[in-house]
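Source file entry-v5.txt; content: compact mmCIF, C-alpha atoms.
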```txt
# COMPACT_ATOMS: atom_id res chain seq x y z
CA MET A 1 -16.42 104.55 42.84
CA SER A 2 -18.70 102.29 40.87
CA VAL A 3 -18.86 102.12 37.15
CA ASP A 4 -22.20 101.49 35.56
CA LEU A 5 -22.12 99.79 32.22
CA HIS A 6 -25.14 100.41 30.06
CA THR A 7 -25.92 98.82 26.79
CA ARG A 8 -27.58 101.19 24.47
CA GLU A 9 -29.31 100.00 21.39
CA ILE A 10 -28.96 102.09 18.28
CA LYS A 11 -31.69 101.48 15.75
CA PRO A 12 -30.54 101.99 12.18
CA LEU A 13 -32.65 104.57 10.36
CA ARG A 14 -32.69 102.55 7.19
CA ASN A 15 -32.70 98.78 6.98
CA THR A 16 -31.12 98.50 3.57
CA PHE A 17 -30.03 100.33 0.43
CA THR A 18 -32.70 102.33 -1.37
CA HIS A 19 -32.34 100.28 -4.53
CA THR A 20 -32.82 97.05 -2.56
CA ALA A 21 -35.70 98.50 -0.57
CA LYS A 22 -37.44 99.19 -3.88
CA TYR A 23 -37.84 95.40 -4.19
CA VAL A 24 -38.14 94.15 -0.64
CA GLY A 25 -39.35 97.14 1.38
CA ASN A 26 -37.59 98.90 4.21
CA ASP A 27 -39.51 97.46 7.17
CA LYS A 28 -36.95 94.76 7.95
CA PRO A 29 -33.26 94.23 7.17
CA ALA A 30 -32.70 92.82 3.68
CA SER A 31 -30.80 89.56 3.34
CA ARG A 32 -27.26 89.50 2.00
CA TYR A 33 -28.54 87.72 -1.09
CA GLN A 34 -30.98 90.52 -1.78
CA GLU A 35 -28.42 93.24 -1.20
CA ALA A 36 -25.74 91.52 -3.29
CA THR A 37 -28.03 90.72 -6.17
CA LEU A 38 -31.11 92.87 -6.68
CA ASP A 39 -30.76 95.83 -9.00
CA THR A 40 -26.96 95.63 -9.13
CA GLN A 41 -26.83 95.32 -12.92
CA PRO A 42 -25.14 98.37 -14.53
CA THR A 43 -27.82 99.91 -16.74
CA ASP A 44 -26.88 103.41 -17.86
CA ASN A 45 -24.23 105.73 -19.17
CA PHE A 46 -22.06 103.17 -20.87
CA HIS A 47 -19.19 104.60 -22.80
CA TYR A 48 -18.55 103.21 -26.28
CA ARG A 49 -20.40 100.29 -27.72
CA PRO A 50 -18.15 97.23 -27.85
CA THR A 51 -16.23 97.09 -31.13
CA TRP A 52 -16.93 93.36 -31.34
CA ASP A 53 -20.69 93.91 -31.14
CA PRO A 54 -21.68 97.45 -32.18
CA GLU A 55 -25.37 96.48 -32.33
CA HIS A 56 -25.51 96.28 -28.55
CA GLU A 57 -24.51 98.16 -25.46
CA LEU A 58 -21.92 96.54 -23.21
CA PHE A 59 -24.75 95.17 -21.06
CA ASP A 60 -27.85 94.83 -23.14
CA ALA A 61 -31.10 93.00 -22.44
CA SER A 62 -31.83 92.83 -26.16
CA ARG A 63 -29.16 90.16 -26.66
CA SER A 64 -31.95 87.75 -25.75
CA ALA A 65 -35.27 87.40 -27.55
CA ILE A 66 -36.88 86.96 -24.13
CA LYS A 67 -38.50 90.21 -22.99
CA LEU A 68 -38.87 90.99 -19.32
CA ALA A 69 -40.03 94.28 -17.88
CA ASP A 70 -37.52 93.79 -15.08
CA TRP A 71 -34.78 91.13 -15.15
CA ASN A 72 -34.60 91.22 -11.36
CA VAL A 73 -37.57 88.85 -11.25
CA LEU A 74 -35.38 85.86 -12.18
CA ARG A 75 -34.37 85.09 -8.60
CA ASP A 76 -32.47 82.07 -7.39
CA PRO A 77 -34.51 80.09 -4.82
CA ARG A 78 -31.22 78.84 -3.29
CA GLN A 79 -30.36 82.50 -2.62
CA TYR A 80 -26.75 82.00 -3.54
CA TYR A 81 -24.41 84.92 -3.44
CA TYR A 82 -20.66 84.42 -3.38
CA ALA A 83 -20.32 83.53 0.31
CA THR A 84 -23.23 81.09 0.61
CA TRP A 85 -22.31 79.42 -2.66
CA THR A 86 -18.65 78.90 -1.72
CA MET A 87 -19.60 77.61 1.74
CA ALA A 88 -22.08 75.13 0.28
CA ARG A 89 -19.53 73.89 -2.25
CA ALA A 90 -16.76 73.70 0.36
CA ARG A 91 -18.95 71.40 2.45
CA GLN A 92 -19.57 69.20 -0.57
CA GLN A 93 -15.85 69.15 -1.38
CA ASP A 94 -15.13 67.98 2.18
CA ALA A 95 -17.67 65.19 1.82
CA ILE A 96 -16.09 64.04 -1.44
CA GLU A 97 -12.62 64.19 0.11
CA SER A 98 -13.73 61.84 2.87
CA SER A 99 -15.27 59.53 0.26
CA TYR A 100 -11.90 59.44 -1.51
CA ASP A 101 -10.19 58.66 1.81
CA PHE A 102 -12.67 55.89 2.47
CA VAL A 103 -12.37 54.36 -1.01
CA GLN A 104 -8.58 54.60 -1.15
CA SER A 105 -7.82 53.47 2.39
CA ARG A 106 -9.89 50.33 1.85
CA GLY A 107 -8.68 49.67 -1.67
CA LEU A 108 -12.25 49.60 -2.97
CA VAL A 109 -11.21 50.36 -6.54
CA GLY A 110 -9.06 47.19 -6.63
CA LYS A 111 -12.08 45.18 -5.50
CA MET A 112 -14.08 46.13 -8.58
CA SER A 113 -13.97 43.82 -11.56
CA ASP A 114 -11.94 45.05 -14.53
CA ALA A 115 -15.02 44.93 -16.72
CA VAL A 116 -16.97 47.32 -14.46
CA ARG A 117 -14.00 49.59 -14.02
CA SER A 118 -13.32 49.93 -17.71
CA LYS A 119 -17.03 50.36 -18.47
CA ALA A 120 -17.21 53.23 -15.98
CA CYS A 121 -14.15 54.86 -17.54
CA GLU A 122 -15.39 54.35 -21.08
CA VAL A 123 -18.67 56.13 -20.33
CA LEU A 124 -17.53 58.79 -17.88
CA MET A 125 -14.21 60.02 -19.28
CA PRO A 126 -15.56 61.71 -22.43
CA LEU A 127 -18.10 63.50 -20.21
CA ARG A 128 -15.27 65.72 -18.94
CA HIS A 129 -15.55 67.48 -22.26
CA VAL A 130 -19.33 67.83 -21.95
CA ALA A 131 -18.88 69.38 -18.51
CA TRP A 132 -16.28 71.75 -19.90
CA GLY A 133 -18.80 72.77 -22.56
CA GLY A 134 -21.23 73.47 -19.73
CA ASN A 135 -18.59 75.64 -18.11
CA MET A 136 -18.05 77.66 -21.29
CA ASN A 137 -21.77 78.01 -21.96
CA ASN A 138 -22.67 79.18 -18.49
CA SER A 139 -19.78 81.65 -18.55
CA SER A 140 -21.29 82.94 -21.75
CA ILE A 141 -24.71 83.30 -20.07
CA GLY A 142 -23.01 85.16 -17.24
CA ALA A 143 -21.23 87.47 -19.69
CA TYR A 144 -24.01 88.24 -22.17
CA GLY A 145 -27.11 87.72 -20.04
CA TYR A 146 -28.81 90.60 -18.30
CA GLY A 147 -29.59 91.25 -14.64
CA THR A 148 -27.45 90.04 -11.75
CA PRO A 149 -30.11 87.66 -10.33
CA PHE A 150 -29.82 85.75 -13.62
CA THR A 151 -26.13 86.13 -14.46
CA ALA A 152 -24.53 85.64 -11.03
CA PRO A 153 -25.92 82.12 -10.46
CA ALA A 154 -25.04 81.33 -14.11
CA MET A 155 -21.41 82.12 -13.29
CA PHE A 156 -21.61 79.94 -10.16
CA HIS A 157 -23.12 77.24 -12.33
CA ALA A 158 -20.23 77.60 -14.78
CA MET A 159 -17.74 76.99 -11.99
CA ASP A 160 -19.82 74.06 -10.76
CA HIS A 161 -19.54 72.52 -14.22
CA LEU A 162 -15.80 72.98 -14.04
CA GLY A 163 -15.89 71.24 -10.65
CA ALA A 164 -17.86 68.37 -12.17
CA ALA A 165 -15.26 68.09 -14.97
CA GLN A 166 -12.50 68.00 -12.36
CA PHE A 167 -14.29 65.34 -10.33
CA ILE A 168 -14.52 63.18 -13.48
CA THR A 169 -10.81 63.70 -14.11
CA ARG A 170 -9.99 62.75 -10.56
CA LEU A 171 -12.25 59.72 -10.79
CA GLY A 172 -10.35 58.61 -13.91
CA LEU A 173 -7.05 58.97 -12.10
CA ALA A 174 -8.38 56.95 -9.16
CA LEU A 175 -9.72 54.16 -11.37
CA ASP A 176 -6.89 53.88 -13.85
CA GLU A 177 -3.62 55.30 -15.15
CA PRO A 178 -3.45 58.91 -16.43
CA ALA A 179 -3.56 57.64 -20.02
CA ILE A 180 -7.27 56.97 -19.44
CA LEU A 181 -7.86 60.72 -19.83
CA ASP A 182 -6.29 60.70 -23.29
CA ALA A 183 -8.31 57.64 -24.18
CA GLY A 184 -11.46 59.53 -23.15
CA LYS A 185 -10.51 62.51 -25.26
CA ASN A 186 -9.79 60.24 -28.19
CA ASP A 187 -13.24 58.64 -27.83
CA TRP A 188 -14.82 62.10 -27.63
CA LEU A 189 -13.10 63.18 -30.83
CA ASN A 190 -13.21 60.00 -32.88
CA THR A 191 -15.61 57.33 -31.65
CA ALA A 192 -18.89 57.32 -33.56
CA CYS A 193 -21.23 57.05 -30.55
CA TRP A 194 -19.98 60.35 -29.08
CA GLN A 195 -20.16 62.42 -32.26
CA PRO A 196 -23.84 63.49 -32.09
CA LEU A 197 -23.30 64.68 -28.50
CA ARG A 198 -20.09 66.46 -29.48
CA HIS A 199 -21.93 68.11 -32.35
CA TYR A 200 -24.61 69.28 -29.88
CA VAL A 201 -22.05 70.68 -27.44
CA GLU A 202 -20.09 72.44 -30.17
CA ASP A 203 -23.24 73.98 -31.63
CA THR A 204 -24.19 75.39 -28.22
CA LEU A 205 -20.71 76.91 -27.83
CA VAL A 206 -21.47 79.41 -30.60
CA MET A 207 -25.04 80.18 -29.64
CA GLN A 208 -25.76 83.91 -29.34
CA ASP A 209 -28.96 84.24 -27.32
CA PRO A 210 -28.07 83.76 -23.64
CA PHE A 211 -31.53 82.56 -22.68
CA GLU A 212 -31.72 80.05 -25.50
CA LEU A 213 -28.29 78.83 -24.43
CA PHE A 214 -29.61 78.50 -20.87
CA ILE A 215 -32.41 76.26 -22.14
CA ALA A 216 -30.20 74.21 -24.48
CA GLN A 217 -27.45 73.61 -21.92
CA ASN A 218 -28.97 73.64 -18.46
CA LEU A 219 -32.47 72.34 -19.11
CA ALA A 220 -32.49 70.28 -22.33
CA LEU A 221 -29.06 68.65 -22.16
CA ASP A 222 -28.18 68.46 -18.45
CA GLY A 223 -31.81 67.67 -17.59
CA GLN A 224 -31.44 64.37 -19.47
CA LEU A 225 -27.71 63.68 -19.22
CA TYR A 226 -27.43 63.79 -15.42
CA PRO A 227 -30.40 61.54 -14.55
CA LEU A 228 -29.31 59.10 -17.29
CA ILE A 229 -25.63 58.91 -16.44
CA TYR A 230 -25.45 59.56 -12.70
CA GLY A 231 -28.88 58.20 -11.82
CA ASN A 232 -29.29 55.18 -14.08
CA PHE A 233 -25.77 54.32 -15.08
CA VAL A 234 -23.57 55.11 -12.07
CA ASP A 235 -25.94 54.78 -9.12
CA ASP A 236 -27.95 51.81 -10.41
CA HIS A 237 -26.11 49.93 -13.13
CA ILE A 238 -22.48 50.25 -12.01
CA ALA A 239 -23.24 50.15 -8.28
CA LEU A 240 -25.24 46.93 -8.66
CA GLN A 241 -22.28 45.25 -10.31
CA GLY A 242 -19.93 46.00 -7.43
CA GLY A 243 -18.92 49.50 -8.47
CA THR A 244 -20.23 51.34 -5.40
CA ALA A 245 -16.86 53.11 -5.21
CA VAL A 246 -17.61 54.90 -8.49
CA SER A 247 -20.93 56.05 -7.20
CA MET A 248 -19.34 57.35 -3.97
CA LEU A 249 -16.66 59.26 -5.85
CA ALA A 250 -19.16 60.77 -8.29
CA ALA A 251 -21.66 61.69 -5.56
CA PHE A 252 -21.32 65.43 -6.15
CA MET A 253 -22.89 65.34 -9.60
CA PRO A 254 -26.38 63.96 -8.88
CA GLU A 255 -26.59 66.00 -5.67
CA TRP A 256 -25.65 69.19 -7.48
CA HIS A 257 -28.00 68.39 -10.35
CA LEU A 258 -30.97 68.11 -8.00
CA GLU A 259 -30.03 71.30 -6.18
CA SER A 260 -29.42 73.41 -9.29
CA ALA A 261 -32.59 72.10 -10.99
CA ARG A 262 -34.56 74.21 -8.51
CA TRP A 263 -32.84 77.33 -9.78
CA ILE A 264 -33.21 76.39 -13.45
CA ASP A 265 -36.91 75.57 -13.03
CA ALA A 266 -37.54 78.80 -11.15
CA VAL A 267 -35.89 80.89 -13.88
CA VAL A 268 -37.85 79.37 -16.76
CA LYS A 269 -41.07 79.38 -14.79
CA VAL A 270 -40.91 83.09 -14.03
CA ALA A 271 -39.72 84.07 -17.51
CA ALA A 272 -42.45 82.02 -19.19
CA ALA A 273 -45.15 83.31 -16.87
CA GLU A 274 -44.40 86.93 -17.72
CA SER A 275 -45.89 86.84 -21.23
CA GLU A 276 -47.30 84.50 -23.85
CA PRO A 277 -44.54 85.32 -26.42
CA ASN A 278 -41.94 84.42 -23.79
CA ARG A 279 -43.68 81.16 -23.04
CA GLN A 280 -43.85 80.24 -26.71
CA LEU A 281 -40.22 81.13 -27.32
CA ILE A 282 -39.03 79.09 -24.35
CA SER A 283 -41.19 76.07 -25.09
CA GLY A 284 -40.11 76.21 -28.75
CA TRP A 285 -36.45 76.23 -27.75
CA LEU A 286 -37.08 73.51 -25.25
CA LYS A 287 -38.75 71.25 -27.82
CA THR A 288 -35.99 71.75 -30.39
CA TRP A 289 -33.10 71.25 -28.01
CA ALA A 290 -34.57 68.53 -25.83
CA ASP A 291 -35.40 66.44 -28.91
CA ARG A 292 -31.94 66.96 -30.25
CA ALA A 293 -30.30 66.20 -26.90
CA GLN A 294 -32.33 63.03 -26.61
CA ALA A 295 -31.20 61.94 -30.07
CA ALA A 296 -27.57 62.84 -29.28
CA LEU A 297 -27.69 60.91 -25.99
CA THR A 298 -29.20 57.77 -27.54
CA PRO A 299 -25.89 56.19 -28.65
CA VAL A 300 -24.35 57.19 -25.28
CA ALA A 301 -27.24 55.55 -23.42
CA GLU A 302 -26.72 52.38 -25.49
CA LEU A 303 -23.01 52.44 -24.77
CA ALA A 304 -23.68 52.79 -21.05
CA LEU A 305 -26.68 50.54 -20.52
CA GLY A 306 -26.89 48.35 -23.60
CA THR A 307 -30.36 47.53 -24.86
CA SER A 308 -32.11 49.09 -21.86
CA GLY A 309 -30.35 52.41 -22.61
CA VAL A 310 -33.11 53.78 -24.80
CA ASP A 311 -35.74 53.14 -22.12
CA ALA A 312 -33.59 54.75 -19.45
CA LEU A 313 -33.13 57.79 -21.65
CA GLN A 314 -36.86 57.95 -22.31
CA GLU A 315 -37.41 57.88 -18.54
CA ALA A 316 -35.01 60.82 -18.19
CA ARG A 317 -36.87 62.64 -20.96
CA ASP A 318 -40.23 62.00 -19.30
CA ALA A 319 -38.85 63.35 -16.03
CA LEU A 320 -37.61 66.46 -17.85
CA ASP A 321 -41.01 66.92 -19.50
CA LEU A 322 -42.64 66.66 -16.09
CA ARG A 323 -40.33 69.38 -14.75
CA CYS A 324 -41.24 71.58 -17.72
CA LYS A 325 -44.91 70.93 -17.20
CA LYS A 326 -44.65 72.04 -13.59
CA ALA A 327 -42.83 75.16 -14.76
CA GLY A 328 -45.73 75.91 -17.12
CA LEU A 329 -43.72 75.51 -20.32
CA ILE A 330 -45.73 72.71 -21.84
CA ALA A 331 -49.38 71.86 -21.42
CA MET B 1 -50.18 80.56 29.98
CA SER B 2 -46.43 80.81 30.39
CA ASN B 3 -44.25 81.79 27.51
CA VAL B 4 -41.57 79.63 25.98
CA PHE B 5 -38.74 81.44 24.27
CA ILE B 6 -35.73 80.85 22.10
CA ALA B 7 -33.00 83.31 21.17
CA PHE B 8 -30.50 83.34 18.34
CA GLN B 9 -27.58 85.54 17.42
CA ASP B 10 -28.84 88.18 15.05
CA ASN B 11 -26.98 87.25 11.89
CA GLU B 12 -27.43 86.06 8.33
CA ASP B 13 -27.44 82.37 9.28
CA SER B 14 -30.25 82.74 11.79
CA ARG B 15 -32.42 84.71 9.47
CA PRO B 16 -34.22 81.85 7.67
CA ILE B 17 -34.67 80.08 11.03
CA ILE B 18 -36.33 83.14 12.52
CA GLU B 19 -38.53 83.58 9.46
CA ALA B 20 -39.54 79.92 9.59
CA ILE B 21 -40.46 80.15 13.27
CA LEU B 22 -42.53 83.25 12.72
CA ALA B 23 -44.27 81.60 9.77
CA ASP B 24 -45.06 78.37 11.66
CA ASN B 25 -46.08 79.94 14.98
CA ALA B 26 -48.76 82.54 14.53
CA ALA B 27 -48.59 83.65 18.19
CA ALA B 28 -44.80 84.05 18.26
CA GLN B 29 -43.35 87.52 18.76
CA ALA B 30 -39.80 88.48 17.84
CA THR B 31 -37.89 91.11 19.75
CA TYR B 32 -34.41 92.35 18.97
CA PRO B 33 -32.29 92.91 22.09
CA THR B 34 -28.80 94.04 21.04
CA GLY B 35 -27.11 91.35 18.97
CA LEU B 36 -29.92 88.86 19.49
CA VAL B 37 -33.28 87.87 18.16
CA LYS B 38 -35.54 86.55 20.90
CA ILE B 39 -38.78 84.85 20.06
CA ASP B 40 -41.49 84.48 22.69
CA ALA B 41 -44.54 82.33 22.23
CA PRO B 42 -47.34 81.46 24.63
CA GLY B 43 -47.33 77.77 25.62
CA SER B 44 -45.38 76.20 22.81
CA LEU B 45 -43.27 76.86 19.76
CA VAL B 46 -42.05 74.67 16.92
CA ILE B 47 -39.16 74.89 14.46
CA ARG B 48 -39.73 72.84 11.34
CA ARG B 49 -36.95 71.72 9.01
CA GLU B 50 -39.24 71.75 5.97
CA THR B 51 -40.15 75.40 6.39
CA ILE B 52 -36.50 76.40 6.70
CA GLU B 53 -35.63 74.35 3.63
CA GLU B 54 -38.30 76.12 1.62
CA LEU B 55 -36.87 79.48 2.66
CA VAL B 56 -33.23 78.66 1.93
CA GLY B 57 -34.01 76.63 -1.18
CA ARG B 58 -31.74 73.73 -0.26
CA SER B 59 -31.53 70.95 2.28
CA PHE B 60 -31.00 71.97 5.88
CA ASP B 61 -29.80 69.91 8.83
CA LEU B 62 -31.76 71.01 11.89
CA GLN B 63 -28.63 70.59 14.03
CA GLN B 64 -27.24 73.66 12.24
CA ILE B 65 -29.45 75.88 14.39
CA HIS B 66 -27.25 75.14 17.40
CA VAL B 67 -24.38 77.14 15.91
CA ASN B 68 -26.33 80.34 16.47
CA LEU B 69 -28.67 79.30 19.26
CA VAL B 70 -28.08 81.38 22.40
CA THR B 71 -30.68 80.37 24.93
CA LEU B 72 -34.12 78.89 25.30
CA SER B 73 -36.73 77.94 27.84
CA GLY B 74 -39.31 75.16 27.81
CA HIS B 75 -39.23 71.39 27.55
CA ILE B 76 -37.47 70.32 24.38
CA ASP B 77 -38.72 67.69 22.00
CA GLU B 78 -36.35 67.27 19.12
CA ASP B 79 -35.94 64.99 16.12
CA ASP B 80 -34.60 65.27 12.57
CA ASP B 81 -37.65 67.14 11.31
CA GLN B 82 -38.61 69.50 14.10
CA LEU B 83 -37.65 71.00 17.41
CA SER B 84 -40.45 72.02 19.71
CA LEU B 85 -40.56 73.83 23.01
CA SER B 86 -43.49 73.57 25.40
CA TRP B 87 -44.55 73.61 29.03
CA ASN B 88 -46.20 70.44 30.30
CA ASN B 89 -48.61 72.11 32.68
```
Output the file's structure as structure tokens, nothing else.
Amino acid sequence: MSVDLHTREIKPLRNTFTHTAKYVGNDKPASRYQEATLDTQPTDNFHYRPTWDPEHELFDASRSAIKLADWNVLRDPRQYYYATWTMARARQQDAIESSYDFVQSRGLVGKMSDAVRSKACEVLMPLRHVAWGGNMNNSSIGAYGYGTPFTAPAMFHAMDHLGAAQFITRLGLALDEPAILDAGKNDWLNTACWQPLRHYVEDTLVMQDPFELFIAQNLALDGQLYPLIYGNFVDDHIALQGGTAVSMLAAFMPEWHLESARWIDAVVKVAAAESEPNRQLISGWLKTWADRAQAALTPVAELALGTSGVDALQEARDALDLRCKKAGLIA
Amino acid sequence: MSNVFIAFQDNEDSRPIIEAILADNAAAQATYPTGLVKIDAPGSLVIRRETIEELVGRSFDLQQIHVNLVTLSGHIDEDDDQLSLSWNN
């Protein structure tokens, strides 16, 4: 007796969920990102209004002054949903782990001069607290924002900030004794050059409009802080003076900044393009917060880079303005 | 003209690769035998890293395609930026 094995192909009748097909059509299978993200925001039949905010529904687009006909337009060009985001970050974590192995097995930290090592600690340690502020603020965007395409990547971004804070902590422990973390906190709380930045971070912590918070934290502050500190200070200034180890151990931050900038730019670009009032709101927020961030970062830039700090910060500001120009926020 | 072809497992990872190939090769045709995506193209076919990167929105190492690559035919010319298949006749 012979047995014939046949393969039989069964074509699915529908390629995706109806609510996803509404956005991407049903002629080919939707991607996981699309299925996990589009139109998954709860919109109707909420029970009671929250007692802590009776003006709004539990999920309410009117928490932001930005008006969009459909919040599903704010897509993430990186197409991160939980799985792709964790896999990307796991790869980066592995890379950093091998950098730590490399630096520690060769004693590279001991080969740096004390001056460079303490300079790196002095500038980087208080930034743990800035990164933690970024974590809180992006959690807030995730909680009070509207539409999963906007809020889900904000939550990923919050955890990325936490990761950045942890990398700074770990860097401190690799460069010095654990007391360096307390010294950094003490600088953050008491040293004059950090106070304008601390004031900025603390003011954003109580900001109500999730989209304004997005601009103040992710675009205005991080858009200048990361190029200044990780571009100019760590990768150029410190590395040139024999501190390559610091730049290896902090490699996640500039890489992540470049990657997430694509998402941030895409969000503001689409929101601003939807209507003139949106564009004016966003560019108004941007002007206010970017000016203030630049002022708050000035003493930090001087601490890090001395007299050339102001120029380096201006370069970072010009780069931010260029990004905003490309996104159609400023003429 | 003879066809070159390349086939990938039909999964989420291959998806941007397939889309990039179809975008870069106007004559390419995708078919979906069970579990696979097979792309046929007359004469030659190219996979470009840049196109894939645009679709996934982040950097992409072209060697990653080999995880899901099942089979191919044609002479291979490969570097960091592209992989092309062609017949030299």
(request) Could you tell me how far atom CA of A:Leu189 lies from atom CA of A:Val130, in Å and to one decimal? (result) 11.8 Å
(request) Please tell me which residues are no farther than 12 Å from (-15.5, 62.3, -5.9) in the file, counting all atoms listed in the file, and write them as number ranges by chain. (result) A: 92-104, 163-175, 244-255
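Closest to chain B among A:Met1, A:Met207, A:Leu197, A:Leu258 is A:Leu258, based on only C-alpha atoms.
Excluding A:Glu122 itself and any same-chain residue fewer than 2 positions from it, the protein and nucleic acid residues within 10 Å of it, counting only C-alpha atoms, are Val116, Arg117, Ser118, Lys119, Ala120, Leu124, Met125, Pro126, Leu127, Gly172, Ile180, Leu181, Ala183, Gly184, Asp187, Leu303 and Ala304 of chain A.
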For those residues, write C-alpha atoms to a file as a PDB file, in the frame of the given file.
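So again.pdb came out as:
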```
ATOM      1  CA  VAL A 116     -16.970  47.320 -14.460  1.00  0.00           C
ATOM      2  CA  ARG A 117     -14.000  49.590 -14.020  1.00  0.00           C
ATOM      3  CA  SER A 118     -13.320  49.930 -17.710  1.00  0.00           C
ATOM      4  CA  LYS A 119     -17.030  50.360 -18.470  1.00  0.00           C
ATOM      5  CA  ALA A 120     -17.210  53.230 -15.980  1.00  0.00           C
ATOM      6  CA  LEU A 124     -17.530  58.790 -17.880  1.00  0.00           C
ATOM      7  CA  MET A 125     -14.210  60.020 -19.280  1.00  0.00           C
ATOM      8  CA  PRO A 126     -15.560  61.710 -22.430  1.00  0.00           C
ATOM      9  CA  LEU A 127     -18.100  63.500 -20.210  1.00  0.00           C
ATOM     10  CA  GLY A 172     -10.350  58.610 -13.910  1.00  0.00           C
ATOM     11  CA  ILE A 180      -7.270  56.970 -19.440  1.00  0.00           C
ATOM     12  CA  LEU A 181      -7.860  60.720 -19.830  1.00  0.00           C
ATOM     13  CA  ALA A 183      -8.310  57.640 -24.180  1.00  0.00           C
ATOM     14  CA  GLY A 184     -11.460  59.530 -23.150  1.00  0.00           C
ATOM     15  CA  ASP A 187     -13.240  58.640 -27.830  1.00  0.00           C
ATOM     16  CA  LEU A 303     -23.010  52.440 -24.770  1.00  0.00           C
ATOM     17  CA  ALA A 304     -23.680  52.790 -21.050  1.00  0.00           C
TER      18      ALA A 304
END
```
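Distance check against A:Gly243 using all atoms listed in the file: of A:Arg128, A:Leu213, A:Glu177, A:Met112, the minimum falls on A:Met112.
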(request) Please provide as a PyMOL selection string all residues within 8 Å of stretch 17-22 of chain A, with the sequence filter that same-chain residues fewer than 3 positions apart are discarded (counting all atoms listed in the file). (result) chain A and resi 14+25-26+30+34-35+38-39
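Interatomic distance, atom CA of B:Asn3 to atom CA of B:Ala41: 5.3 Å.
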(request) Write out as a ChimeraX atom specification the residues lying within 12 Å of B:Asp80, counting only C-alpha atoms and excluding same-chain residues fewer than 6 positions away. (result) /B:47-50,60-65
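Taking atom CA of A:Thr86 and atom CA of B:Ala23 as endpoints, the distance between them is 28.2 Å.
Comparing the minimum interatomic distances between chain B and each of A:Leu58, A:Leu286, A:Ala266, A:Val24, counting all atoms listed in the file, we find that A:Ala266 sits nearest.
Residues in contact with A:Leu219 at 10 Å, where all atoms listed in the file are counted and same-chain residues fewer than 6 positions away are skipped, are listed as A:Leu213, A:Leu225, A:Ala261, A:Ile264, A:Asp265, A:Val268, A:Leu286, A:Trp289, A:Ala290, A:Leu320, A:Arg323, A:Cys324.
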